[in-house]
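The file input-v1.txt contains compact mmCIF, C-alpha atoms:
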```
# COMPACT_ATOMS: atom_id res chain seq x y z
CA GLU A 1 69.53 -18.62 -41.96
CA GLU A 2 70.42 -18.54 -38.25
CA LEU A 3 67.85 -21.26 -37.56
CA GLY A 4 69.40 -23.41 -40.28
CA ARG A 5 72.87 -23.11 -38.74
CA GLU A 6 71.58 -24.02 -35.30
CA LEU A 7 69.70 -27.07 -36.61
CA ASP A 8 72.74 -28.17 -38.61
CA CYS A 9 74.76 -28.18 -35.39
CA LEU A 10 72.07 -30.07 -33.49
CA ALA A 11 71.27 -32.74 -36.08
CA PRO A 12 74.44 -34.89 -35.72
CA TYR A 13 73.95 -35.15 -31.94
CA LEU A 14 70.30 -36.10 -32.39
CA PHE A 15 71.20 -38.73 -34.96
CA GLY A 16 73.97 -40.30 -32.92
CA SER A 17 72.01 -40.29 -29.68
CA LEU A 18 68.88 -41.79 -31.23
CA CYS A 19 70.91 -44.58 -32.81
CA ARG A 20 72.66 -45.35 -29.52
CA THR A 21 69.47 -45.36 -27.44
CA ASP A 22 67.73 -47.68 -29.92
CA GLU A 23 70.71 -50.02 -29.75
CA ASN A 24 70.93 -49.87 -25.95
CA ILE A 25 67.25 -50.63 -25.48
CA LEU A 26 67.44 -53.63 -27.82
CA LEU A 27 70.84 -55.06 -26.96
CA LYS A 28 72.90 -53.56 -24.18
CA THR A 29 70.75 -52.61 -21.20
CA PRO A 30 70.87 -55.47 -18.70
CA THR A 31 68.61 -54.11 -15.96
CA ALA A 32 65.10 -52.69 -15.72
CA GLU A 33 66.50 -49.42 -14.33
CA ALA A 34 68.86 -49.04 -17.28
CA VAL A 35 66.05 -49.75 -19.74
CA THR A 36 63.85 -47.15 -18.03
CA ALA A 37 66.62 -44.56 -18.21
CA ALA A 38 67.21 -45.34 -21.90
CA VAL A 39 63.49 -45.07 -22.67
CA ARG A 40 63.28 -41.70 -20.91
CA LEU A 41 66.31 -40.46 -22.83
CA GLN A 42 64.77 -41.72 -26.06
CA ALA A 43 61.55 -39.82 -25.32
CA ALA A 44 63.53 -36.64 -24.72
CA LEU A 45 65.43 -37.09 -27.99
CA ARG A 46 62.20 -37.66 -29.88
CA GLY A 47 60.94 -34.43 -28.39
CA MET A 48 64.04 -32.65 -29.65
CA CYS A 49 63.39 -34.03 -33.15
CA ALA A 50 59.76 -32.93 -33.00
CA TRP A 51 60.64 -29.42 -31.85
CA SER A 52 63.37 -29.13 -34.48
CA PHE A 53 60.96 -30.00 -37.25
CA ALA A 54 58.34 -27.74 -35.67
CA ALA A 55 60.83 -24.85 -35.79
CA ILE A 56 61.37 -25.49 -39.49
CA VAL A 57 57.64 -25.64 -40.25
CA ARG A 58 56.87 -22.54 -38.21
CA ASN A 59 59.62 -20.68 -40.01
CA LEU A 60 58.58 -21.83 -43.50
CA GLY A 61 54.84 -22.04 -42.93
CA ALA A 62 52.47 -24.99 -42.54
CA GLY A 63 52.55 -27.40 -45.44
CA ARG A 64 55.95 -26.22 -46.69
CA LEU A 65 58.05 -29.06 -45.28
CA ASN A 66 59.04 -31.37 -48.12
CA THR A 67 61.45 -34.09 -49.17
CA VAL A 68 64.07 -31.64 -50.41
CA ILE A 69 64.29 -29.93 -47.01
CA LEU A 70 64.50 -33.29 -45.19
CA TRP A 71 67.17 -34.55 -47.60
CA GLU A 72 69.27 -31.42 -47.28
CA TRP A 73 69.00 -31.37 -43.48
CA ALA A 74 70.16 -35.01 -43.39
CA TYR A 75 73.10 -34.14 -45.67
CA ALA A 76 71.80 -36.54 -48.33
CA ASP A 77 72.28 -39.53 -46.02
CA VAL A 78 69.54 -42.16 -46.17
CA LEU A 79 69.89 -43.49 -42.62
CA TRP A 80 70.19 -40.01 -41.15
CA ALA A 81 67.00 -38.85 -42.88
CA LEU A 82 65.06 -41.89 -41.69
CA VAL A 83 66.28 -41.78 -38.09
CA LEU A 84 65.47 -38.08 -37.72
CA SER A 85 62.04 -38.71 -39.23
CA LYS A 86 61.45 -41.63 -36.90
CA GLY A 87 62.10 -39.35 -33.94
CA VAL A 88 59.11 -37.24 -34.99
CA LEU A 89 56.84 -40.05 -36.18
CA THR A 90 57.15 -42.00 -32.92
CA MET A 91 56.61 -38.98 -30.67
CA GLN A 92 53.41 -39.23 -28.61
CA ARG A 93 51.52 -36.96 -26.30
CA PRO A 94 52.10 -38.66 -22.93
CA ALA A 95 49.56 -38.19 -20.19
CA LEU A 96 50.86 -37.03 -16.82
CA ASN A 97 51.40 -39.96 -14.53
CA PRO A 98 49.11 -39.46 -11.52
CA PHE A 99 51.52 -41.51 -9.40
CA SER A 100 54.56 -39.39 -10.22
CA SER A 101 56.11 -37.14 -7.64
CA PRO A 102 54.64 -33.63 -7.29
CA GLY A 103 55.84 -31.32 -10.03
CA ALA A 104 56.72 -34.12 -12.44
CA THR A 105 55.92 -33.23 -16.04
CA ALA A 106 55.72 -35.11 -19.31
CA VAL A 107 57.85 -34.28 -22.33
CA ALA A 108 56.38 -31.20 -23.95
CA CYS A 109 55.06 -31.67 -27.49
CA PRO A 110 54.50 -29.10 -30.22
CA ALA A 111 50.86 -28.10 -30.46
CA GLU A 112 50.83 -29.16 -34.10
CA LEU A 113 52.49 -32.55 -33.49
CA GLU A 114 49.96 -34.65 -35.43
CA ALA A 115 49.97 -32.31 -38.44
CA LEU A 116 53.77 -32.24 -38.27
CA GLN A 117 53.92 -36.04 -38.34
CA VAL A 118 51.79 -36.08 -41.49
CA GLU A 119 54.13 -33.58 -43.17
CA VAL A 120 57.18 -35.63 -42.21
CA ALA A 121 55.53 -38.81 -43.52
CA HIS A 122 54.91 -37.06 -46.85
CA ALA A 123 58.57 -36.02 -46.93
CA VAL A 124 59.77 -39.57 -46.23
CA CYS A 125 57.60 -40.97 -49.03
CA GLY A 126 59.39 -38.73 -51.50
CA LEU A 127 62.84 -40.11 -50.74
CA SER A 128 62.54 -42.77 -53.46
CA LEU A 129 62.13 -40.22 -56.26
CA PRO A 130 64.84 -39.87 -58.92
CA SER A 131 65.10 -36.16 -58.13
CA VAL A 132 66.33 -37.11 -54.64
CA ALA A 133 68.67 -39.87 -55.82
CA PHE A 134 70.40 -37.43 -58.18
CA ALA A 135 70.00 -34.27 -56.11
CA SER A 136 73.74 -33.96 -55.51
CA GLU A 137 74.32 -33.64 -59.25
CA ALA A 138 71.73 -30.94 -59.85
CA GLY A 139 73.21 -27.99 -61.68
CA GLU A 140 76.34 -29.81 -62.84
CA ALA A 141 77.22 -29.08 -66.44
CA ASP A 142 77.76 -32.72 -67.40
CA ALA A 143 74.82 -34.16 -65.42
CA GLY A 144 72.89 -34.78 -68.63
CA ASP A 145 75.73 -36.75 -70.23
CA VAL A 146 75.25 -39.83 -68.03
CA ALA A 147 73.90 -42.88 -69.88
CA ILE A 148 70.40 -44.13 -69.11
CA GLY A 149 71.78 -47.48 -67.94
CA ASP A 150 74.02 -45.76 -65.41
CA ARG A 151 71.11 -43.70 -64.12
CA ALA A 152 68.92 -46.79 -63.78
CA ALA A 153 71.63 -48.59 -61.79
CA GLN A 154 72.21 -45.57 -59.56
CA LEU A 155 68.47 -45.25 -58.86
CA ALA A 156 68.16 -48.97 -58.11
CA LEU A 157 71.07 -48.73 -55.66
CA HIS A 158 69.61 -45.64 -53.98
CA ARG A 159 66.26 -47.38 -53.51
CA ALA A 160 67.99 -50.53 -52.26
CA ARG A 161 69.78 -48.56 -49.55
CA LEU A 162 66.55 -46.80 -48.66
CA ALA A 163 64.62 -50.08 -48.37
CA SER A 164 67.34 -51.70 -46.27
CA GLU A 165 67.63 -48.77 -43.85
CA LEU A 166 63.84 -48.45 -43.65
CA CYS A 167 63.76 -52.00 -42.29
CA ASN A 168 66.83 -51.60 -40.09
CA CYS A 169 65.49 -48.55 -38.26
CA GLN A 170 61.99 -50.08 -38.00
CA LEU A 171 60.20 -47.15 -39.60
CA LEU A 172 57.37 -49.11 -41.22
CA ALA A 173 55.20 -49.21 -38.09
CA PRO A 174 55.35 -45.42 -37.47
CA LEU A 175 54.63 -44.72 -41.15
CA PHE A 176 51.59 -47.00 -41.16
CA ALA A 177 50.38 -45.49 -37.89
CA VAL A 178 50.50 -41.94 -39.26
CA ALA A 179 49.02 -42.91 -42.64
CA SER A 180 46.06 -44.59 -40.93
CA SER A 181 45.46 -41.75 -38.46
CA ARG A 182 42.52 -39.36 -38.68
CA ARG A 183 44.86 -36.51 -39.63
CA ALA A 184 46.10 -38.24 -42.76
CA GLN A 185 44.37 -37.84 -46.11
CA LEU A 186 44.05 -40.31 -48.97
CA GLU A 187 46.98 -38.58 -50.65
CA LEU A 188 49.38 -39.82 -47.97
CA VAL A 189 48.09 -43.39 -48.30
CA GLU A 190 48.63 -43.24 -52.05
CA GLU A 191 52.11 -41.79 -51.61
CA LEU A 192 53.03 -44.48 -49.08
CA ALA A 193 51.83 -47.23 -51.42
CA ALA A 194 53.83 -45.75 -54.31
CA PHE A 195 56.86 -45.35 -52.03
CA LEU A 196 56.80 -49.00 -50.96
CA ALA A 197 56.22 -50.18 -54.54
CA ALA A 198 59.26 -48.18 -55.66
CA LEU A 199 61.41 -49.70 -52.91
CA LEU A 200 60.27 -53.24 -53.72
CA GLN A 201 61.55 -52.70 -57.29
CA PRO A 202 59.58 -55.61 -58.81
CA ASP A 203 61.17 -55.11 -62.25
CA VAL A 204 64.61 -55.67 -60.72
CA ALA A 205 63.67 -58.20 -58.04
CA LEU A 206 61.85 -60.50 -60.47
CA GLY A 207 63.87 -59.94 -63.62
CA SER A 208 67.18 -58.84 -65.07
CA PRO A 209 67.04 -55.41 -66.70
CA ALA A 210 69.34 -54.78 -69.63
CA TRP A 211 71.51 -52.40 -67.64
CA ALA A 212 72.18 -55.09 -65.01
CA THR A 213 73.91 -57.40 -67.48
CA SER A 214 75.70 -54.78 -69.55
CA PRO A 215 79.47 -55.48 -69.65
CA ASP A 216 80.08 -51.73 -69.93
CA LEU A 217 78.39 -50.92 -66.63
CA ALA A 218 80.49 -51.70 -63.53
CA LEU A 219 77.67 -50.73 -61.15
CA GLY A 220 75.13 -53.03 -62.82
CA CYS A 221 75.73 -56.31 -60.98
CA PRO A 222 76.25 -54.80 -57.47
CA ALA A 223 73.12 -52.66 -57.89
CA LEU A 224 71.10 -55.67 -59.05
CA LEU A 225 72.20 -57.79 -56.08
CA ALA A 226 71.56 -54.97 -53.59
CA ALA A 227 68.11 -54.34 -55.06
CA ARG A 228 67.14 -58.00 -54.84
CA GLU A 229 68.39 -58.38 -51.26
CA SER A 230 66.68 -55.22 -50.03
CA SER A 231 63.46 -56.11 -51.86
CA ALA A 232 63.35 -59.49 -50.14
CA GLU A 233 64.07 -57.85 -46.78
CA LEU A 234 61.29 -55.32 -47.28
CA ARG A 235 58.79 -57.96 -48.42
CA SER A 236 59.54 -59.94 -45.28
CA SER A 237 59.04 -56.86 -43.07
CA LEU A 238 55.82 -55.91 -44.83
CA GLY A 239 54.42 -59.32 -44.00
CA TRP A 240 53.98 -58.12 -40.41
CA PHE A 241 51.79 -55.25 -41.62
CA ALA A 242 49.66 -57.04 -44.21
CA ASP A 243 46.38 -56.33 -42.40
CA GLU A 244 47.18 -52.63 -41.90
CA LEU A 245 48.24 -52.29 -45.53
CA TRP A 246 45.10 -53.87 -46.93
CA CYS A 247 42.87 -51.83 -44.61
CA MET A 248 44.44 -48.61 -45.83
CA LEU A 249 44.21 -49.56 -49.50
CA ALA A 250 40.68 -50.95 -49.31
```
For the structure just supplied, provide its representation as structure tokens.
Amino acid sequence: EELGRELDCLAPYLFGSLCRTDENILLKTPTAEAVTAAVRLQAALRGMCAWSFAAIVRNLGAGRLNTVILWEWAYADVLWALVLSKGVLTMQRPALNPFSSPGATAVACPAELEALQVEVAHAVCGLSLPSVAFASEAGEADAGDVAIGDRAAQLALHRARLASELCNCQLLAPLFAVASSRRAQLELVEELAAFLAALLQPDVALGSPAWATSPDLALGCPALLAARESSAELRSSLGWFADELWCMLA
């Protein structure tokens, strides 16, 4: 319980700092020195993400990290969940620079970093599930009274946001890297393929479901447009990873 409170206090600072450093490296740092400083800060923030997730796993036990825990820690925010996950998935074990000044050290990594990255990747792949999209309504007395068309539109919109933010925070490359690593099992590859298929939403992107054209459903048209736009964006991004994707699925 105490660990949860501490991590809840830390998470917003991690999220905000990671977003700012990504933006500074890409857009706002005009000099090589500023870029170097931003990269070093980014490495330190990634280390904080890795150690935070490591604390959770060590407290719960190996293999116990799941999508529900990630979703709750990110306060049911898609971008937050993905950015925190990216901090872990992009963490590397840096070698000490032999040309550094005496006493210089690399960012310390958890001993179980690679196994932790696999667990986080599994958790990310579960974010497209209906149980996550409707997690905030779990336990409500009238949760079962919502029409199927409304649920379909809500799920399509959730997956559209997830696909869009996945591309925006450039998480595809880290996910593919972990899924193709020696630590990963076939199960993760299958989950990643199912995750991407769910986000592409071919039934919505290539057609018009009944709920999308229902005059009684206000969310139908916006959800349909969002799903089609995010699907096109994700397809375009996946084009850069066609070789990696086919190698994993072969």
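What separates CA of Pro222 in chain A from CA of Leu157 in chain A is a distance of 8.2 Å.
One finds CA of Gln154 in chain A at 16.6 Å from CA of Gly126 in chain A.
Residue nearest His158 in chain A, chosen from A:Ala232, A:Val57, A:Ala226, A:Met248 and counting only C-alpha atoms: A:Ala226.
Pairwise distance (CA of Ala108 in chain A, CA of Gly61 in chain A) equals 21.1 Å.
Distances here use only C-alpha atoms; by that measure, the residue among A:Ala194, A:Leu89, A:Cys221, A:Cys125 closest to Ala177 in chain A is A:Leu89.
Restricting the calculation to only C-alpha atoms, the smallest distance between Trp246 in chain A and any of A:Leu127, A:Leu45, A:Ala193, A:Val204 is found for A:Ala193.
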message: Can you tell me which residues surround range 206-213 of chain A at a distance of at most 12 Å, considering only C-alpha atoms, apart from same-chain residues fewer than 2 positions away, and format the answer as a PyMOL selection string?
response: chain A and resi 147-157+200-204+215-229+231-232
Save out the residues we just selected, C-alpha atoms, as a compact mmCIF listing (two decimals), in the frame of the given file.
```txt
# COMPACT_ATOMS: atom_id res chain seq x y z
CA ALA A 147 73.90 -42.88 -69.88
CA ILE A 148 70.40 -44.13 -69.11
CA GLY A 149 71.78 -47.48 -67.94
CA ASP A 150 74.02 -45.76 -65.41
CA ARG A 151 71.11 -43.70 -64.12
CA ALA A 152 68.92 -46.79 -63.78
CA ALA A 153 71.63 -48.59 -61.79
CA GLN A 154 72.21 -45.57 -59.56
CA LEU A 155 68.47 -45.25 -58.86
CA ALA A 156 68.16 -48.97 -58.11
CA LEU A 157 71.07 -48.73 -55.66
CA LEU A 200 60.27 -53.24 -53.72
CA GLN A 201 61.55 -52.70 -57.29
CA PRO A 202 59.58 -55.61 -58.81
CA ASP A 203 61.17 -55.11 -62.25
CA VAL A 204 64.61 -55.67 -60.72
CA PRO A 215 79.47 -55.48 -69.65
CA ASP A 216 80.08 -51.73 -69.93
CA LEU A 217 78.39 -50.92 -66.63
CA ALA A 218 80.49 -51.70 -63.53
CA LEU A 219 77.67 -50.73 -61.15
CA GLY A 220 75.13 -53.03 -62.82
CA CYS A 221 75.73 -56.31 -60.98
CA PRO A 222 76.25 -54.80 -57.47
CA ALA A 223 73.12 -52.66 -57.89
CA LEU A 224 71.10 -55.67 -59.05
CA LEU A 225 72.20 -57.79 -56.08
CA ALA A 226 71.56 -54.97 -53.59
CA ALA A 227 68.11 -54.34 -55.06
CA ARG A 228 67.14 -58.00 -54.84
CA GLU A 229 68.39 -58.38 -51.26
CA SER A 231 63.46 -56.11 -51.86
CA ALA A 232 63.35 -59.49 -50.14
```
message: Excluding Cys169 in chain A and its own-chain neighbours fewer than 2 positions away, which residues fall within 9 Å of it when counting all atoms listed in the file? Please give them as a PyMOL selection string.
response: chain A and resi 19+22+79+82-83+86+164-167+171-172
message: Show me, as a PyMOL selection string, the residues that have an atom within 9 Å of Ala115 in chain A when counting all atoms listed in the file, minus same-chain residues fewer than 4 positions from it.
response: chain A and resi 62-63+119-120+183-184
Residues from last step as file, C-alpha atoms, as a PDB file, keeping the file's coordinate frame:
```
ATOM      1  CA  ALA A  62      52.470 -24.990 -42.540  1.00  0.00           C
ATOM      2  CA  GLY A  63      52.550 -27.400 -45.440  1.00  0.00           C
ATOM      3  CA  GLU A 119      54.130 -33.580 -43.170  1.00  0.00           C
ATOM      4  CA  VAL A 120      57.180 -35.630 -42.210  1.00  0.00           C
ATOM      5  CA  ARG A 183      44.860 -36.510 -39.630  1.00  0.00           C
ATOM      6  CA  ALA A 184      46.100 -38.240 -42.760  1.00  0.00           C
TER       7      ALA A 184
END
```
message: Excluding Ala54 in chain A and its own-chain neighbours fewer than 3 positions away, which residues fall within 8 Å of it when counting all atoms listed in the file? Please give them as a ChimeraX atom specification.
response: /A:50-51,57-58,110,112-113,116
